[in-house]
$ cat work32.cif   # mmCIF, C-alpha atoms
data_structure
loop_
_atom_site.label_atom_id
_atom_site.label_comp_id
_atom_site.auth_asym_id
_atom_site.auth_seq_id
_atom_site.Cartn_x
_atom_site.Cartn_y
_atom_site.Cartn_z
CA MET D 62 41.01 -76.66 -23.01
CA THR D 63 42.13 -80.25 -22.49
CA THR D 64 44.79 -81.28 -25.01
CA ALA D 65 46.06 -84.77 -25.81
CA ALA D 66 48.94 -85.85 -28.04
CA ILE D 67 48.95 -88.84 -30.36
CA ILE D 68 52.42 -90.14 -31.20
CA LEU D 69 52.35 -92.24 -34.37
CA ALA D 70 54.93 -95.02 -34.02
CA ALA D 71 53.27 -97.97 -35.76
CA GLY D 72 55.38 -97.86 -38.93
CA ARG D 73 58.17 -100.26 -39.81
CA GLY D 74 60.67 -97.56 -40.81
CA THR D 75 62.55 -99.72 -43.31
CA ARG D 76 64.13 -96.84 -45.26
CA ALA D 77 66.12 -95.83 -42.19
CA GLY D 78 67.99 -99.16 -42.21
CA GLY D 79 68.99 -101.18 -39.18
CA GLU D 80 67.57 -104.35 -37.67
CA ASN D 81 64.79 -102.54 -35.80
CA ALA D 82 62.22 -99.94 -36.83
CA LYS D 83 63.61 -96.42 -36.47
CA GLN D 84 61.54 -95.59 -33.38
CA TRP D 85 63.44 -98.25 -31.42
CA GLN D 86 66.91 -97.33 -32.67
CA PRO D 87 69.35 -95.43 -30.42
CA ILE D 88 70.21 -91.79 -30.92
CA ALA D 89 72.25 -89.59 -28.55
CA GLY D 90 72.11 -92.32 -25.91
CA ARG D 91 68.38 -93.04 -26.00
CA ARG D 92 65.77 -94.52 -28.33
CA VAL D 93 64.18 -92.21 -30.87
CA ILE D 94 60.76 -92.78 -29.30
CA ASP D 95 62.05 -91.79 -25.85
CA TRP D 96 63.20 -88.39 -27.12
CA THR D 97 59.85 -87.81 -28.83
CA LEU D 98 57.85 -88.83 -25.77
CA ASP D 99 59.90 -86.58 -23.51
CA ALA D 100 59.24 -83.59 -25.74
CA PHE D 101 55.48 -83.96 -25.21
CA HIS D 102 55.57 -85.28 -21.67
CA ASN D 103 57.44 -82.14 -20.60
CA ALA D 104 55.39 -79.72 -22.70
CA PRO D 105 53.06 -77.38 -20.78
CA GLY D 106 49.48 -77.80 -21.94
CA ILE D 107 49.67 -81.51 -22.84
CA ASP D 108 47.34 -83.44 -20.52
CA SER D 109 47.70 -86.96 -21.91
CA ILE D 110 49.63 -88.92 -24.52
CA VAL D 111 48.56 -91.88 -26.67
CA VAL D 112 51.37 -93.81 -28.36
CA VAL D 113 50.24 -95.85 -31.39
CA LEU D 114 52.57 -98.84 -31.81
CA PRO D 115 52.83 -101.87 -34.09
CA PRO D 116 50.59 -104.78 -33.02
CA GLY D 117 52.54 -106.98 -30.65
CA GLU D 118 54.83 -104.15 -29.52
CA VAL D 119 52.53 -102.11 -27.29
CA ASP D 120 54.35 -103.37 -24.18
CA ARG D 121 57.65 -101.76 -25.24
CA ILE D 122 56.54 -98.46 -23.70
CA GLU D 123 55.88 -98.08 -19.99
CA THR D 124 52.35 -96.77 -19.51
CA THR D 125 51.38 -94.35 -16.75
CA GLY D 126 48.25 -92.42 -15.91
CA GLU D 127 49.33 -89.87 -18.51
CA ILE D 128 50.80 -92.15 -21.20
CA LEU D 129 48.66 -94.82 -22.88
CA THR D 130 49.43 -97.20 -25.74
CA THR D 131 47.36 -98.83 -28.45
CA ALA D 132 48.00 -100.94 -31.55
CA GLY D 133 48.02 -99.23 -34.91
CA GLY D 134 46.64 -100.34 -38.25
CA ASP D 135 48.06 -101.18 -41.66
CA SER D 136 48.03 -97.53 -42.80
CA ARG D 137 48.76 -94.15 -41.31
CA ALA D 138 45.07 -93.24 -41.34
CA ALA D 139 44.16 -96.46 -39.53
CA SER D 140 46.74 -95.72 -36.85
CA VAL D 141 45.43 -92.17 -36.37
CA LYS D 142 41.89 -93.54 -36.00
CA ALA D 143 43.14 -96.03 -33.39
CA GLY D 144 44.72 -93.19 -31.45
CA LEU D 145 41.61 -91.03 -31.67
CA GLU D 146 39.52 -93.88 -30.29
CA MET D 147 41.58 -93.69 -27.08
CA LEU D 148 40.61 -90.05 -26.50
CA THR D 149 37.53 -89.70 -24.34
CA ASP D 150 38.00 -86.40 -22.53
CA ALA D 151 40.35 -84.33 -24.71
CA GLN D 152 38.90 -81.39 -26.62
CA THR D 153 41.92 -80.87 -28.85
CA VAL D 154 44.66 -83.20 -30.08
CA LEU D 155 48.17 -82.86 -31.47
CA ILE D 156 49.14 -85.63 -33.90
CA HIS D 157 52.88 -86.14 -34.24
CA ASP D 158 55.23 -88.49 -36.08
CA VAL D 159 57.56 -90.37 -33.75
CA ALA D 160 60.35 -89.86 -36.29
CA ARG D 161 60.52 -86.15 -35.37
CA PRO D 162 62.33 -86.41 -32.00
CA CYS D 163 63.84 -82.90 -32.23
CA VAL D 164 60.51 -81.07 -32.00
CA SER D 165 60.84 -78.02 -29.75
CA GLN D 166 58.69 -76.88 -26.87
CA SER D 167 58.02 -73.63 -28.73
CA VAL D 168 56.56 -75.42 -31.79
CA ILE D 169 54.28 -77.50 -29.55
CA ALA D 170 53.21 -74.40 -27.63
CA ASP D 171 52.53 -72.45 -30.83
CA VAL D 172 50.22 -75.18 -32.16
CA ILE D 173 48.32 -75.38 -28.86
CA ARG D 174 48.01 -71.59 -28.76
CA ALA D 175 46.68 -71.47 -32.32
CA LEU D 176 43.98 -74.01 -31.42
CA GLY D 177 42.58 -71.40 -29.04
CA HIS D 178 41.21 -69.47 -32.01
CA SER D 179 41.31 -71.99 -34.88
CA GLY D 180 39.85 -75.46 -35.33
CA ALA D 181 43.11 -76.76 -36.80
CA ALA D 182 46.76 -75.66 -36.90
CA ALA D 183 50.07 -77.05 -38.09
CA PRO D 184 53.71 -75.95 -38.26
CA ALA D 185 55.39 -75.38 -41.60
CA LEU D 186 58.38 -73.68 -43.19
CA PRO D 187 58.18 -71.63 -46.39
CA VAL D 188 59.99 -73.17 -49.35
CA SER D 189 63.07 -71.08 -50.11
CA ASP D 190 64.96 -73.26 -52.61
CA ALA D 191 64.18 -73.28 -56.32
CA LEU D 192 61.97 -76.23 -57.32
CA TRP D 193 62.45 -78.26 -60.49
CA ARG D 194 60.66 -81.03 -62.24
CA GLY D 195 62.95 -83.70 -63.58
CA ASP D 196 62.94 -86.85 -65.66
CA GLY D 197 65.77 -89.15 -66.67
CA GLY D 198 68.31 -87.12 -64.72
CA ALA D 199 67.50 -83.86 -66.50
CA VAL D 200 65.47 -80.78 -65.52
CA THR D 201 62.17 -80.72 -67.38
CA GLY D 202 60.51 -77.71 -65.77
CA ILE D 203 60.45 -75.10 -63.03
CA VAL D 204 57.86 -75.07 -60.25
CA PRO D 205 57.01 -71.64 -58.78
CA ARG D 206 57.70 -71.72 -55.04
CA ALA D 207 55.49 -68.79 -54.06
CA GLY D 208 52.94 -69.92 -51.49
CA LEU D 209 54.55 -73.34 -50.97
CA TRP D 210 55.28 -74.66 -47.47
CA ARG D 211 57.16 -77.64 -46.02
CA ALA D 212 54.78 -79.41 -43.66
CA GLN D 213 55.81 -80.56 -40.18
CA THR D 214 54.15 -82.10 -37.15
CA PRO D 215 52.59 -81.91 -34.58
CA GLN D 216 49.38 -81.02 -36.37
CA GLY D 217 46.60 -79.90 -34.06
CA PHE D 218 42.84 -80.27 -34.35
CA ASP D 219 39.54 -80.18 -32.56
CA VAL D 220 39.08 -83.85 -31.62
CA LYS D 221 35.51 -84.20 -32.86
CA ALA D 222 36.28 -82.45 -36.14
CA ILE D 223 39.36 -84.52 -37.05
CA ARG D 224 37.65 -87.75 -35.98
CA ALA D 225 34.72 -86.99 -38.31
CA ALA D 226 37.13 -86.00 -41.08
CA HIS D 227 39.01 -89.29 -40.85
CA ASN D 228 35.80 -91.31 -40.77
CA ALA D 229 34.66 -89.56 -43.96
CA HIS D 230 38.00 -89.85 -45.79
CA PRO D 231 38.03 -92.89 -48.11
CA ASP D 232 41.78 -93.30 -48.62
CA ASP D 233 45.05 -92.96 -46.78
CA ALA D 234 46.62 -89.48 -46.78
CA ALA D 235 50.08 -87.95 -46.58
CA ASP D 236 49.18 -86.25 -43.31
CA ASP D 237 46.21 -85.17 -41.23
CA VAL D 238 46.08 -81.71 -42.76
CA GLN D 239 45.16 -83.36 -46.06
CA VAL D 240 42.33 -85.20 -44.32
CA ALA D 241 41.17 -82.03 -42.60
CA ARG D 242 41.24 -80.01 -45.80
CA ALA D 243 39.22 -82.70 -47.61
CA ALA D 244 36.56 -82.24 -44.92
CA GLY D 245 36.51 -78.49 -45.46
CA LEU D 246 38.43 -77.54 -42.31
CA GLU D 247 40.58 -74.41 -42.39
CA VAL D 248 44.10 -75.06 -41.09
CA ALA D 249 46.16 -72.22 -39.62
CA ILE D 250 49.91 -72.23 -40.29
CA VAL D 251 52.26 -71.63 -37.35
CA PRO D 252 56.05 -71.20 -37.69
CA GLY D 253 57.95 -74.45 -38.09
CA ASP D 254 61.52 -75.16 -37.01
CA GLU D 255 64.47 -76.16 -39.20
CA ASP D 256 65.59 -78.54 -36.43
CA ASN D 257 62.24 -80.36 -36.44
CA ILE D 258 63.50 -82.86 -39.00
CA LYS D 259 61.91 -86.20 -39.81
CA ILE D 260 64.23 -89.19 -39.61
CA THR D 261 63.74 -91.04 -42.89
CA THR D 262 67.15 -92.27 -44.07
CA ARG D 263 70.34 -93.36 -42.32
CA ALA D 264 71.92 -89.94 -42.81
CA ASP D 265 69.11 -88.31 -40.85
CA PHE D 266 70.20 -90.09 -37.66
CA ALA D 267 73.52 -88.25 -37.65
CA ARG D 268 71.86 -84.88 -38.17
CA ALA D 269 69.24 -85.54 -35.48
CA GLU D 270 71.94 -86.61 -33.04
CA ARG D 271 73.82 -83.33 -33.57
CA ILE D 272 70.61 -81.41 -32.94
CA LEU D 273 69.72 -83.34 -29.79
CA ARG D 274 73.22 -83.08 -28.36
CA GLY D 275 73.10 -79.37 -29.07
CA HIS D 276 69.85 -79.15 -27.11
CA MET D 277 71.46 -81.04 -24.24
CA SER D 278 74.41 -78.63 -24.16
CA ARG D 279 72.07 -75.63 -24.23
CA ASP D 280 70.00 -77.11 -21.40
CA GLN D 281 73.14 -77.20 -19.27
CA SER D 282 73.98 -73.56 -19.99
CA PRO D 283 73.40 -70.71 -17.48
CA ASP D 284 70.22 -69.79 -19.38
CA PHE D 285 68.67 -73.12 -18.36
CA ASP D 286 66.54 -72.11 -15.36
CA VAL D 287 66.41 -74.68 -12.52
CA ARG D 288 64.64 -73.82 -9.28
CA THR D 289 64.17 -75.79 -6.08
CA GLY D 290 61.65 -75.16 -3.31
CA ASN D 291 61.09 -76.63 0.14
CA GLY D 292 57.88 -77.15 2.04
CA TYR D 293 57.04 -78.04 5.64
CA ASP D 294 53.71 -78.66 7.31
CA VAL D 295 52.35 -80.12 10.52
CA HIS D 296 48.89 -81.07 11.80
CA ARG D 297 47.85 -82.29 15.22
CA PHE D 298 45.75 -85.39 15.84
CA ALA D 299 42.08 -85.12 16.75
CA PRO D 300 39.37 -87.73 17.45
CA GLY D 301 38.56 -89.71 14.32
CA ASP D 302 39.09 -92.98 12.48
CA HIS D 303 41.35 -92.13 9.51
CA VAL D 304 43.96 -89.81 8.12
CA ILE D 305 44.53 -88.62 4.55
CA LEU D 306 48.18 -88.52 3.50
CA CYS D 307 49.32 -87.64 -0.02
CA GLY D 308 45.77 -88.19 -1.21
CA VAL D 309 45.39 -91.69 0.28
CA LYS D 310 42.87 -92.50 3.04
CA ILE D 311 44.43 -94.64 5.80
CA LEU D 312 42.47 -96.09 8.70
CA HIS D 313 43.87 -94.90 12.03
CA THR D 314 42.95 -94.33 15.66
CA HIS D 315 42.81 -90.56 15.09
CA THR D 316 42.33 -88.03 12.33
CA LEU D 317 44.33 -84.91 11.54
CA LYS D 318 42.89 -81.52 12.44
CA GLY D 319 42.99 -78.68 9.94
CA HIS D 320 40.95 -76.10 8.06
CA SER D 321 40.98 -78.34 4.95
CA ASP D 322 41.35 -82.13 4.96
CA ALA D 323 44.71 -81.68 6.76
CA ASP D 324 46.71 -83.70 4.24
CA VAL D 325 50.07 -82.77 5.68
CA GLY D 326 52.07 -84.44 2.88
CA MET D 327 50.22 -82.77 0.04
CA HIS D 328 50.42 -79.41 1.82
CA ALA D 329 54.21 -79.68 2.11
CA ILE D 330 54.53 -80.59 -1.59
CA THR D 331 52.26 -77.71 -2.59
CA ASP D 332 54.35 -75.26 -0.58
CA ALA D 333 57.55 -76.66 -2.15
CA LEU D 334 56.19 -75.94 -5.65
CA TYR D 335 55.07 -72.45 -4.68
CA GLY D 336 58.45 -71.92 -3.03
CA ALA D 337 60.35 -72.88 -6.16
CA LEU D 338 58.53 -70.06 -7.97
CA ALA D 339 58.77 -67.58 -5.06
CA GLU D 340 54.97 -67.64 -4.92
CA GLY D 341 54.53 -67.78 -1.16
CA ASP D 342 52.62 -70.64 0.46
CA ILE D 343 49.18 -72.24 0.49
CA GLY D 344 47.85 -69.59 2.85
CA ARG D 345 48.61 -66.86 0.33
CA HIS D 346 46.59 -68.57 -2.39
CA PHE D 347 43.93 -70.27 -0.22
CA PRO D 348 43.52 -68.21 2.98
CA PRO D 349 42.26 -70.27 5.96
CA SER D 350 39.99 -67.32 6.77
CA ASP D 351 38.03 -68.10 3.58
CA ALA D 352 35.14 -70.45 4.40
CA ARG D 353 35.26 -71.87 0.85
CA TRP D 354 38.28 -73.97 1.79
CA LYS D 355 36.91 -75.43 5.02
CA GLY D 356 37.18 -79.21 4.67
CA ALA D 357 38.44 -78.87 1.09
CA ALA D 358 40.36 -81.73 -0.52
CA SER D 359 44.04 -80.83 -0.70
CA ASP D 360 44.33 -81.96 -4.32
CA ILE D 361 42.67 -78.61 -5.16
CA PHE D 362 45.68 -76.80 -3.70
CA LEU D 363 48.24 -79.08 -5.32
CA ALA D 364 46.54 -78.86 -8.73
CA HIS D 365 46.65 -75.05 -8.50
CA ALA D 366 50.37 -75.13 -7.69
CA VAL D 367 50.99 -77.46 -10.65
CA GLU D 368 49.11 -75.17 -13.03
CA THR D 369 51.06 -72.20 -11.68
CA VAL D 370 54.29 -74.02 -12.51
CA ARG D 371 53.11 -74.73 -16.06
CA ALA D 372 51.72 -71.24 -16.59
CA ARG D 373 55.13 -69.79 -15.74
CA GLY D 374 56.70 -71.99 -18.44
CA TYR D 375 58.32 -74.51 -16.08
CA ARG D 376 57.95 -78.26 -15.77
CA ILE D 377 58.27 -80.34 -12.62
CA ALA D 378 61.50 -82.34 -12.62
CA ASN D 379 61.00 -84.24 -9.37
CA ILE D 380 59.19 -84.24 -6.01
CA ASP D 381 60.49 -85.72 -2.75
CA CYS D 382 58.24 -85.92 0.32
CA THR D 383 59.09 -87.25 3.79
CA LEU D 384 56.30 -87.99 6.29
CA ILE D 385 57.40 -87.83 9.94
CA CYS D 386 55.32 -89.90 12.35
CA GLU D 387 55.32 -92.93 14.64
CA GLN D 388 51.94 -94.11 13.36
CA PRO D 389 50.38 -95.00 11.00
CA LYS D 390 52.93 -97.03 9.05
CA ILE D 391 53.56 -95.36 5.70
CA GLY D 392 55.45 -98.08 3.82
CA PRO D 393 52.40 -100.17 2.79
CA HIS D 394 50.76 -97.06 1.30
CA ALA D 395 53.74 -95.30 -0.30
CA GLY D 396 53.10 -96.78 -3.75
CA ALA D 397 49.48 -95.65 -3.77
CA MET D 398 50.57 -92.20 -2.60
CA LYS D 399 53.07 -91.89 -5.46
CA ASP D 400 50.40 -92.92 -7.97
CA GLU D 401 47.93 -90.37 -6.63
CA LEU D 402 50.51 -87.59 -6.68
CA ALA D 403 51.50 -88.59 -10.23
CA ARG D 404 47.85 -88.36 -11.30
CA ILE D 405 47.38 -84.89 -9.85
CA THR D 406 50.72 -83.44 -10.96
CA ARG D 407 50.84 -85.27 -14.33
CA VAL D 408 54.43 -86.21 -13.51
CA ASP D 409 55.83 -89.70 -14.04
CA ALA D 410 55.65 -91.63 -10.75
CA ALA D 411 59.33 -92.49 -11.22
CA ARG D 412 60.07 -88.80 -10.54
CA ILE D 413 58.12 -88.78 -7.26
CA SER D 414 59.42 -90.04 -3.92
CA VAL D 415 57.30 -90.65 -0.83
CA LYS D 416 59.06 -91.97 2.24
CA ALA D 417 58.68 -91.87 6.01
CA THR D 418 60.74 -91.61 9.16
CA THR D 419 60.12 -91.44 12.88
CA SER D 420 61.54 -88.94 15.36
CA GLU D 421 62.75 -91.69 17.71
CA LYS D 422 59.95 -90.92 20.19
CA LEU D 423 61.18 -87.33 20.52
CA GLY D 424 59.05 -84.20 20.20
CA PHE D 425 55.36 -83.92 19.33
CA THR D 426 55.59 -86.53 16.57
CA GLY D 427 57.39 -88.89 18.93
CA ARG D 428 54.62 -88.43 21.48
CA GLU D 429 52.15 -89.20 18.65
CA GLU D 430 50.46 -85.84 18.96
CA GLY D 431 50.49 -85.23 15.21
CA ILE D 432 52.26 -85.72 11.89
CA ALA D 433 54.80 -83.50 10.13
CA ALA D 434 55.99 -83.53 6.55
CA THR D 435 58.82 -82.01 4.56
CA ALA D 436 59.01 -81.80 0.77
CA THR D 437 61.44 -80.68 -1.91
CA ALA D 438 60.46 -79.96 -5.51
CA THR D 439 62.55 -78.96 -8.49
CA VAL D 440 61.12 -77.17 -11.51
CA ILE D 441 62.88 -76.50 -14.81
CA ARG D 442 62.34 -73.99 -17.59
CA PRO D 443 64.30 -74.73 -20.81
#

$ encode --input "work32.cif" --output "structure tokens"
Amino acid sequence: MTTAAIILAAGRGTRAGGENAKQWQPIAGRRVIDWTLDAFHNAPGIDSIVVVLPPGEVDRIETTGEILTTAGGDSRAASVKAGLEMLTDAQTVLIHDVARPCVSQSVIADVIRALGHSGAAAPALPVSDALWRGDGGAVTGIVPRAGLWRAQTPQGFDVKAIRAAHNAHPDDAADDVQVARAAGLEVAIVPGDEDNIKITTRADFARAERILRGHMSRDQSPDFDVRTGNGYDVHRFAPGDHVILCGVKILHTHTLKGHSDADVGMHAITDALYGALAEGDIGRHFPPSDARWKGAASDIFLAHAVETVRARGYRIANIDCTLICEQPKIGPHAGAMKDELARITRVDAARISVKATTSEKLGFTGREEGIAATATATVIRP
């Protein structure tokens, strides 16, 4: 199941005060929108993110292969429709308000999990306080609270179903569950989180900052699991006219010999990720004795390692790869290599390093008999 996230950030946020809309205002050392984006960018199961921004402000977010931006409309519904139009491959979507930067990984995961057996799902908290009706500063009635819930986001849906529901809905709505219900969709309730507050007024900033700083302190506690793995690989040269390094084809006087496509850089990175999880190496998962992998593209191996990381509840914090060779020159291709690795791993290219060194004419790499690579990868589980 391919899942996208739509972050709604096209509002003006005037009730929160300040010179800028609330999504651009600082909180705990970063902008509100940065906290919200990180929550989804680091969430296992999220394959892509669309950020819906005010017209004229779409360039205030750095786009990557995983994060796209688009301009919103003059209503919440129009902005949701604009985000949905950007989804071409996703089967399910999580729609989230940017003003909820404290959303937890567990809430996101619960919504995604619920979409495995329901066409729609959303987090909510049962109402526990007494509810009154009032007029003129006086209580005029009591509202029974049985069966009442406080709605939160992200709200998850089958993409085709929620797109059709929005197209059929004539007016704006309080949230996407209202639109879905109007179209006859059943929406499953998953547990919400008291910390998943929506920043609406000035006072909410202080509360959200306390929550976020609390998360930061917890992340630095001994329970915060950080693992690092190392990888090393080498392939000898053979007759040919190109090499493939970190997914990029480079013309050369020789090729690299191997059971697969002999991408020495990608192999080292793959082993580093497996190593961080104590999952052995490529040979354990893709035995060279298996004819299925003869000539296989190495992105198959790396993608499997990435999914193993996510399935274990970790996220990739950074990747560092060093290619060791006299030729070909790596510098002109390093940017393309980072972009290709970012695409496969779904990690921001800013967290990926690809660099090269020579062995000063010493050893087999110095004699230009082959290429070696080392890699280090760090994975984190909150």

$ atom_distance --input "work32.cif" --atom1 "CA of Tyr375 in chain D" --atom2 "CA of Pro105 in chain D"
7.6 Å

$ resolve_selection --input "work32.cif" --expression "the PyMOL selection byres ((chain D and resi 418) around 6)" --output "PyMOL selection string"
chain D and resi 385+417+419

$ resolve_selection --input "work32.cif" --expression "the PyMOL selection byres ((chain D and resi 345) around 12)" --output "number ranges by chain"
D: 331-332, 335-336, 339-344, 346-351, 362, 366

$ atom_distance --input "work32.cif" --atom1 "CA of Ile223 in chain D" --atom2 "CA of Ile110 in chain D"
16.8 Å

$ residues_around --input "work32.cif" --residues "Gly424 in chain D" --least-positions-apart "5" --cutoff "12 Å" --atoms "only C-alpha atoms" --output "PyMOL selection string"
chain D and resi 385-387+419+429-433

$ write_last_selection --input "work32.cif" --atoms "C-alpha atoms" --output "compact mmCIF listing (two decimals), in the frame of the given file"
# COMPACT_ATOMS: atom_id res chain seq x y z
CA ILE D 385 57.40 -87.83 9.94
CA CYS D 386 55.32 -89.90 12.35
CA GLU D 387 55.32 -92.93 14.64
CA THR D 419 60.12 -91.44 12.88
CA GLU D 429 52.15 -89.20 18.65
CA GLU D 430 50.46 -85.84 18.96
CA GLY D 431 50.49 -85.23 15.21
CA ILE D 432 52.26 -85.72 11.89
CA ALA D 433 54.80 -83.50 10.13

$ resolve_selection --input "work32.cif" --expression "the PyMOL selection byres ((chain D and resi 295) around 12)" --output "PyMOL selection string"
chain D and resi 292-294+296-298+306+317-319+323-329+383-386+425-426+430-436

$ atom_distance --input "work32.cif" --atom1 "CA of Val251 in chain D" --atom2 "CA of Pro184 in chain D"
4.6 Å

$ closest_residue --input "work32.cif" --among "D:Gly245, D:Pro87, D:Gly308, D:Pro231" --to "Asp400 in chain D" --atoms "all atoms listed in the file"
D:Gly308

$ residues_around --input "work32.cif" --residues "Asp256 in chain D" --least-positions-apart "4" --cutoff "9 Å" --atoms "only C-alpha atoms" --output "ChimeraX atom specification"
/D:163-165,269,272
